[in-house]
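Novice: Handing you a structure now.
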Amino acid sequence: MKGNSIGQNDVVFKESTFNDSPDGVVLINDQEKIVYANVVAGQLLGYERPIELINQVIRAIFPNYIRSEELNLGLTQNKTKIQLQSKMMYCTVNEEQHTLIIFKKSEALEIFRAFFKGISNKTGESFLRAVVKFITEVFEVDAAIVGRMNGEGLQTLASYNRHELEHDIWEYFPAEVLQDLEKTKTSVYINDIEEIGAAIPDTDVKSCLAVPILNDQQQLLGAIAILECQPMMNTELAKEIMHFLSYRITAEIDRIRNEQKITESRRRYQEIIESTQESIYLYSDNQIVFANEKGIKLLGGSGLIDLVGLDILQFTHPDFQDFFKALLKQSSERKRESTIIEGKLIGLDHHVHDVEVMVTPYESLSSQNTLQISVKDVTEQKQAQNFDSQLRIRKQKSELLQLIKNKDINNGKLDKAYKIIAESASNSLGVERVNIWLYHPERYVLECKDRFEWSKNVHKTIDSIDLEDNPHYMVSIEKDSLITVHDVYKDISNYSMYKPFLDPSVSSYIDAPIRIDGKVIGVVSFEHIGMPRQWTYDEQSFSSSIADIVALAIEKAERKRVEAQVEHLAYYDQLTKLPNRIYLYEKLHEVLKDAKKHNREFVVMFFDLDQFKQINDSLGHTVGDQLLLEVAKRIKTSIREIDLFARMGGDEFVLILPRIRQKEDVAVVAERIIDAFKEPINLEDRELYITTSIGISVYPDDGEDEESLIKHADSAMYEAKGKGRNAYKFYSSSMSEQAEQRLLLEMNLNKALERKEFILFYQPIMDLNSNKMRGGEALIRWNHPELGLLSPIKFIALAEETGLIIPIGYWVIQSVCEQIKLWEQQYDMHDFRVAINISVVQFEDERFIENVKAILEETNIQPHLLDFEITESVMQNVETSIAVLGELQKLGIQVSLDDFGTGYSSLSVLKHLPINNIKIDKSFIDDLHAENEETIVQNIIDMSRNMNFKVVAEGIEREGQLHFLKNKLCDYGQGYLFNRPQPVLDFEKNFGQ
């Protein structure tokens, strides 16, 4: 109980005053220890002698004691619960302040216990009525009321008054009290209603005590209040009891609200089930507890009393009873709606009804195992179905013929074929589900290719079935031609037919194995739900035929796949997946035919990759294949969808532009393709630079048949290569002569070395500081028996393509070494260095170093008298190139980087190359009159000097060029200004100069 506030009275403590007091008294010092207790205090607290309390800490007696605050003296002492009324005050002992507690046993608590004993079995409104009557009588007030909030104020839930007040008790309840309850969320006591201006006319009600009823969120749900026609007594006790009761009242208000909702829900449920067209039964503890009017009539009853208490299983047909019992058990355990099943029910009037049944868990407070059974009478439908059974057999035969002729099945479109077959089989056989399963080629599982559900009219696939978990079933399906189960619950004893993965709603099924060449590759499963079904011979035969049609569809699809694969192999390049030569000529024929018909022009572009052979030989065919794939990808992004892009073979490609407006458009396409290769191709951490040469022929100007157009585009492509590569050329008639000449050269080149038709010319290399000849460069010429003396530009590219450059290159090295030895003997020239151009193809020859060593040993010359000139194209394979150059350096052979500035070199690579000289390309020297070219040449010279390379300038033809190079400290130079390339005898005339 609540105590009075400390400090209401200050007294001087005298022990004799409290020794004989009827109340318990204890005195506490400022350390909160008991220093005095009278006899009554010891008795109330469960001690035989008061002295046992002395020096005990007060909180050991009263755990909730808080000094200077109100005190609830509820305690447990010596295992005895005591509820006390108390009063606290300050007092003085020997001029020191102490706390005095006076307490006694509360008689009201006995009444409280008696009240709770009397209402322990009451709930809801009966509990609330007992509460208001109790607090009215206990506290001897005129009225008590419990109400809850609604939109307009308080609604009475229970009230009690002793003097028959004329109006609803809430009418005597001041509005100000309700406002205070809402605001403070704590009890409100008004001693004199008239003082707050809320006097209620025609009544003597003077005082009011109200306690709020709050929910968990501390929102006001309602109030419990007492009213009195005079000022109230003992309000503290009343307030405590009403506060305590408010928690229980909150729960009972929730209970009342829920019961009202349940009552309303039941009323609505009753209305729904009475209006439905189906028979509805509530089934609990193996008994019918409710049936709607249609349900009573279906089972032959005259009223609900005829069915209540009976088990619905006694109305089921014997053939359906086991299945129905399993269905009820399944729905009860799984707590979810069952599938719709077919069966038969027999009424009290012995009428047999064909029915569709669905079982659903029913939420009920009284029972957790109530089921709702919905039954639809389909007797008339079944009779019609039986009448149609013969028609169905005819339909099945007709359906099989239609399936055999179906275009999707015959065209190998399996996804569509599975759906058509499953749906047709379900409709024709009258089953709920048809599943098509196939073995997975790698895992021991069955994969669902299609499931058709007749009632939902949907196709879907379901999870695969692990066959290792179902060995008996798989042995059976591979052994038998058909598995036929008429009644799952009876045939389940035959373990070989048991399918653990079977849906519980299935009552009968047929499983037909799918066989190809005598081997089982899958299963078609036909699943019936409802009453067990006696499969007829015709139905079983139809099922086998459906499995055969699935096998037929698979075989057709495989045949189509093989045909498509063969066609792809015949018409498409297997590496790039581009159309091949055969496909190209067929399509070119169609384009040619269309162009002739509509008098249109079209274009044939023939192109191949520059330097591809060197890359393929040096880096291997794997890198070469990857390069071709990237080339195909880049070109495809540069053309239109209507253009035909094909691979002829090797690194040769053809592009057909079927519709053009003007030749300028063709040039744009060619430039776009060339630009596609400006950026390097990254393969296996390498940067490869590749270019392409393109030849173009136009119909009808350059040919009116496929061969002419391809041939002339090819000729134009070789013209582009001969002009320096990385370019495109339109065909002209003169190119045919050049193509014939090229063919002649290729034929003669094979014999030229054998016939000793090659000769060497030499061009002086001058020291620009001393103006003396420092050495020479050996330059090959072909003394062709018919065409005369040919320069390298006429045949070196051809030699590289055919691979003849390798033996030609070794002949050049051998001849130069022999000539140097001869000059040593004839002219006593022991420091005359000769430069030799080394082809990238020869440089990448596996036996290059070995053959050079052999020539040096054979000719017995000093290696430093040789200067091998390589081009920047060897940088395609940096690691290999550095290794070869390192071997040359070990031999003592000088190495020069020729045509510098036109290829692939980067400073990061250049500084690691074991080379001696850099040769500035002739194109930079030619344009020295331009300011930017002068800057480039100067930068090359400065860079070379910084990297300790000697610089050789090629193509010096004017005095101004020579003057510039000398001023920029270029080391060496060669060109027509000094001398043209000369035969040996003419060249030797320079030795004396």
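So you can find residues: chains in the structure tokens are A, B, ... in the order shown, residues in each start at 1, and ligands are numbered from 1 in order.
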Skip Gln219 (chain A) itself and residues of its chain fewer than 2 positions away, then list as a ChimeraX atom specification all residues within 12 Å of it, counting only C-alpha atoms.

Specialist: /A:148-149,181-186,212-217,221-223,250

Novice: Using only C-alpha atoms, which residues sit within 7 Å of Met531 (chain A) once same-chain residues fewer than 5 positions away are excluded, as a list in words?

Specialist: Phe320, Glu342, Gly343 and Ser507 of chain A

Novice: Using DSSP on the backbone coordinates, identify all residues within region 676-762 of chain A classified as strand (DSSP E); present the result as a list in words.

Specialist: Ile681, Asn682, Leu683, Arg686, Glu687, Leu688, Thr691, Thr692, Ser693, Ile694, Gly695, Ile696, Ser697, Val698, Tyr699, Tyr728, Lys729, Phe730, Phe758, Ile759, Leu760, Phe761 and Tyr762 of chain A

Novice: What would the file look like if the residues just selected were written as a CSV table (one decimal), in the first residue's frame with N, CA, C and O atoms?

Specialist:
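Result went into result.csv, see below:
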chain,number,residue,atom,x,y,z
A,681,ILE,N,46.2,-5.1,-81.1
A,681,ILE,CA,45.4,-6.3,-80.7
A,681,ILE,C,46.2,-6.9,-79.5
A,681,ILE,O,47.3,-7.3,-79.7
A,682,ASN,N,45.5,-7.0,-78.4
A,682,ASN,CA,46.1,-7.6,-77.2
A,682,ASN,C,45.8,-9.1,-77.1
A,682,ASN,O,44.7,-9.5,-76.9
A,683,LEU,N,46.8,-9.9,-77.2
A,683,LEU,CA,46.7,-11.4,-77.1
A,683,LEU,C,47.8,-11.9,-76.2
A,683,LEU,O,49.0,-11.7,-76.4
A,686,ARG,N,50.4,-9.7,-75.1
A,686,ARG,CA,51.2,-9.1,-76.2
A,686,ARG,C,50.4,-8.1,-76.9
A,686,ARG,O,49.2,-8.2,-77.0
A,687,GLU,N,51.1,-7.0,-77.4
A,687,GLU,CA,50.4,-6.0,-78.2
A,687,GLU,C,50.9,-6.3,-79.7
A,687,GLU,O,52.0,-6.2,-80.0
A,688,LEU,N,49.9,-6.8,-80.5
A,688,LEU,CA,50.2,-7.1,-81.9
A,688,LEU,C,49.6,-6.0,-82.8
A,688,LEU,O,48.5,-5.6,-82.7
A,691,THR,N,48.0,-4.9,-90.1
A,691,THR,CA,47.4,-4.0,-91.1
A,691,THR,C,46.7,-4.9,-92.1
A,691,THR,O,47.0,-6.1,-92.2
A,692,THR,N,46.0,-4.3,-93.0
A,692,THR,CA,45.3,-5.0,-94.0
A,692,THR,C,45.4,-4.3,-95.4
A,692,THR,O,45.4,-3.1,-95.4
A,693,SER,N,45.5,-5.1,-96.4
A,693,SER,CA,45.5,-4.5,-97.8
A,693,SER,C,44.2,-5.0,-98.5
A,693,SER,O,43.8,-6.2,-98.4
A,694,ILE,N,43.5,-4.0,-99.1
A,694,ILE,CA,42.1,-4.3,-99.6
A,694,ILE,C,42.1,-4.0,-101.1
A,694,ILE,O,42.6,-3.0,-101.6
A,695,GLY,N,41.5,-5.0,-101.9
A,695,GLY,CA,41.3,-4.8,-103.3
A,695,GLY,C,39.8,-4.8,-103.5
A,695,GLY,O,39.0,-5.5,-102.9
A,696,ILE,N,39.3,-3.9,-104.4
A,696,ILE,CA,37.9,-3.7,-104.6
A,696,ILE,C,37.6,-3.8,-106.1
A,696,ILE,O,38.2,-3.2,-107.0
A,697,SER,N,36.5,-4.6,-106.4
A,697,SER,CA,36.0,-4.7,-107.8
A,697,SER,C,34.5,-4.4,-107.7
A,697,SER,O,33.8,-4.6,-106.7
A,698,VAL,N,34.0,-3.8,-108.8
A,698,VAL,CA,32.6,-3.3,-108.8
A,698,VAL,C,31.9,-3.9,-110.0
A,698,VAL,O,32.4,-3.9,-111.1
A,699,TYR,N,30.7,-4.5,-109.7
A,699,TYR,CA,29.8,-5.0,-110.7
A,699,TYR,C,29.0,-3.9,-111.3
A,699,TYR,O,28.5,-3.0,-110.5
A,728,TYR,N,44.0,0.5,-99.7
A,728,TYR,CA,43.0,-0.1,-100.6
A,728,TYR,C,43.2,0.4,-102.0
A,728,TYR,O,43.6,1.5,-102.2
A,729,LYS,N,42.8,-0.5,-103.0
A,729,LYS,CA,42.9,-0.1,-104.4
A,729,LYS,C,41.7,-0.6,-105.1
A,729,LYS,O,41.2,-1.7,-104.9
A,730,PHE,N,41.1,0.3,-106.0
A,730,PHE,CA,40.1,-0.2,-106.9
A,730,PHE,C,40.7,-0.9,-108.1
A,730,PHE,O,41.8,-0.5,-108.5
A,758,PHE,N,70.2,-14.2,-108.9
A,758,PHE,CA,70.3,-13.1,-108.0
A,758,PHE,C,71.7,-12.5,-108.0
A,758,PHE,O,72.7,-13.3,-108.0
A,759,ILE,N,71.8,-11.2,-107.9
A,759,ILE,CA,73.1,-10.5,-107.8
A,759,ILE,C,73.0,-9.5,-106.7
A,759,ILE,O,71.9,-9.1,-106.3
A,760,LEU,N,74.1,-9.0,-106.2
A,760,LEU,CA,74.1,-8.0,-105.1
A,760,LEU,C,74.7,-6.7,-105.7
A,760,LEU,O,75.7,-6.7,-106.3
A,761,PHE,N,74.0,-5.6,-105.3
A,761,PHE,CA,74.5,-4.3,-105.5
A,761,PHE,C,74.9,-3.7,-104.2
A,761,PHE,O,74.4,-4.2,-103.1
A,762,TYR,N,75.8,-2.7,-104.2
A,762,TYR,CA,76.2,-2.1,-102.9
A,762,TYR,C,76.1,-0.6,-103.0
A,762,TYR,O,76.4,0.0,-104.1

Novice: What's around Glu228 (chain A) at 9 Å? Count only C-alpha atoms, leave out sequence neighbours fewer than 4 positions away in its own chain, and write the answer as a PDB file with N, CA and C atoms, in the first residue's frame.

Specialist:
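The result, written out as out-v5.pdb:
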ATOM      1  N   GLU A 140     -18.042   1.028  -0.285  1.00  0.00           N
ATOM      2  CA  GLU A 140     -19.302   1.626   0.158  1.00  0.00           C
ATOM      3  C   GLU A 140     -19.557   2.953  -0.542  1.00  0.00           C
ATOM      4  N   VAL A 141     -19.442   2.915  -1.909  1.00  0.00           N
ATOM      5  CA  VAL A 141     -19.762   4.092  -2.708  1.00  0.00           C
ATOM      6  C   VAL A 141     -21.113   3.881  -3.362  1.00  0.00           C
ATOM      7  N   ASP A 142     -21.620   4.963  -3.985  1.00  0.00           N
ATOM      8  CA  ASP A 142     -22.972   4.874  -4.557  1.00  0.00           C
ATOM      9  C   ASP A 142     -22.974   4.152  -5.903  1.00  0.00           C
ATOM     10  N   ALA A 143     -21.905   4.271  -6.705  1.00  0.00           N
ATOM     11  CA  ALA A 143     -21.915   3.638  -8.024  1.00  0.00           C
ATOM     12  C   ALA A 143     -20.478   3.399  -8.504  1.00  0.00           C
ATOM     13  N   ASP A 204     -27.233  14.054  -6.586  1.00  0.00           N
ATOM     14  CA  ASP A 204     -26.476  14.457  -5.399  1.00  0.00           C
ATOM     15  C   ASP A 204     -25.020  14.020  -5.478  1.00  0.00           C
ATOM     16  N   VAL A 205     -24.550  13.536  -6.658  1.00  0.00           N
ATOM     17  CA  VAL A 205     -23.168  13.058  -6.789  1.00  0.00           C
ATOM     18  C   VAL A 205     -22.210  14.212  -6.510  1.00  0.00           C
ATOM     19  N   LYS A 206     -21.311  13.977  -5.542  1.00  0.00           N
ATOM     20  CA  LYS A 206     -20.396  15.039  -5.122  1.00  0.00           C
ATOM     21  C   LYS A 206     -18.928  14.726  -5.467  1.00  0.00           C
ATOM     22  N   SER A 207     -18.533  13.451  -5.374  1.00  0.00           N
ATOM     23  CA  SER A 207     -17.116  13.123  -5.566  1.00  0.00           C
ATOM     24  C   SER A 207     -16.958  11.964  -6.569  1.00  0.00           C
ATOM     25  N   CYS A 208     -15.755  11.927  -7.130  1.00  0.00           N
ATOM     26  CA  CYS A 208     -15.503  10.950  -8.204  1.00  0.00           C
ATOM     27  C   CYS A 208     -14.030  10.546  -8.157  1.00  0.00           C
ATOM     28  N   LEU A 209     -13.749   9.248  -8.303  1.00  0.00           N
ATOM     29  CA  LEU A 209     -12.393   8.726  -8.432  1.00  0.00           C
ATOM     30  C   LEU A 209     -12.341   7.873  -9.702  1.00  0.00           C
ATOM     31  N   MET A 232     -15.349  11.090  -0.489  1.00  0.00           N
ATOM     32  CA  MET A 232     -14.969   9.695  -0.272  1.00  0.00           C
ATOM     33  C   MET A 232     -13.951   9.554   0.835  1.00  0.00           C
TER      34      MET A 232
END

Novice: Taking only region 213-284 of chain A into account, list the residues labelled helix (DSSP H, G or I) by DSSP (computed from the backbone), as a PyMOL selection string.

Specialist: chain A and resi 235-275

Novice: Taking 4 positions as the minimum chain separation for residues in the same chain, which residues sit within 7 Å of Ile870 (chain A) when counting only C-alpha atoms? Answer as a ChimeraX atom specification.

Specialist: /A:837-839,896-898

Novice: Write out as a PyMOL selection string each polymer residue whose atoms come within 10 Å of Val669 (chain A), counting only C-alpha atoms; drop sequence neighbours fewer than 6 positions from it.

Specialist: chain A and resi 605+638-640+657+675

Novice: Give me, please, the distance in Å between CA of Arg672 (chain A) and CA of Gly649 (chain A), quoted to one decimal.

Specialist: 22.4 Å

Novice: So what do you get for CA of Leu53 (chain A) versus CA of Glu95 (chain A), distance-wise?

Specialist: 23.1 Å
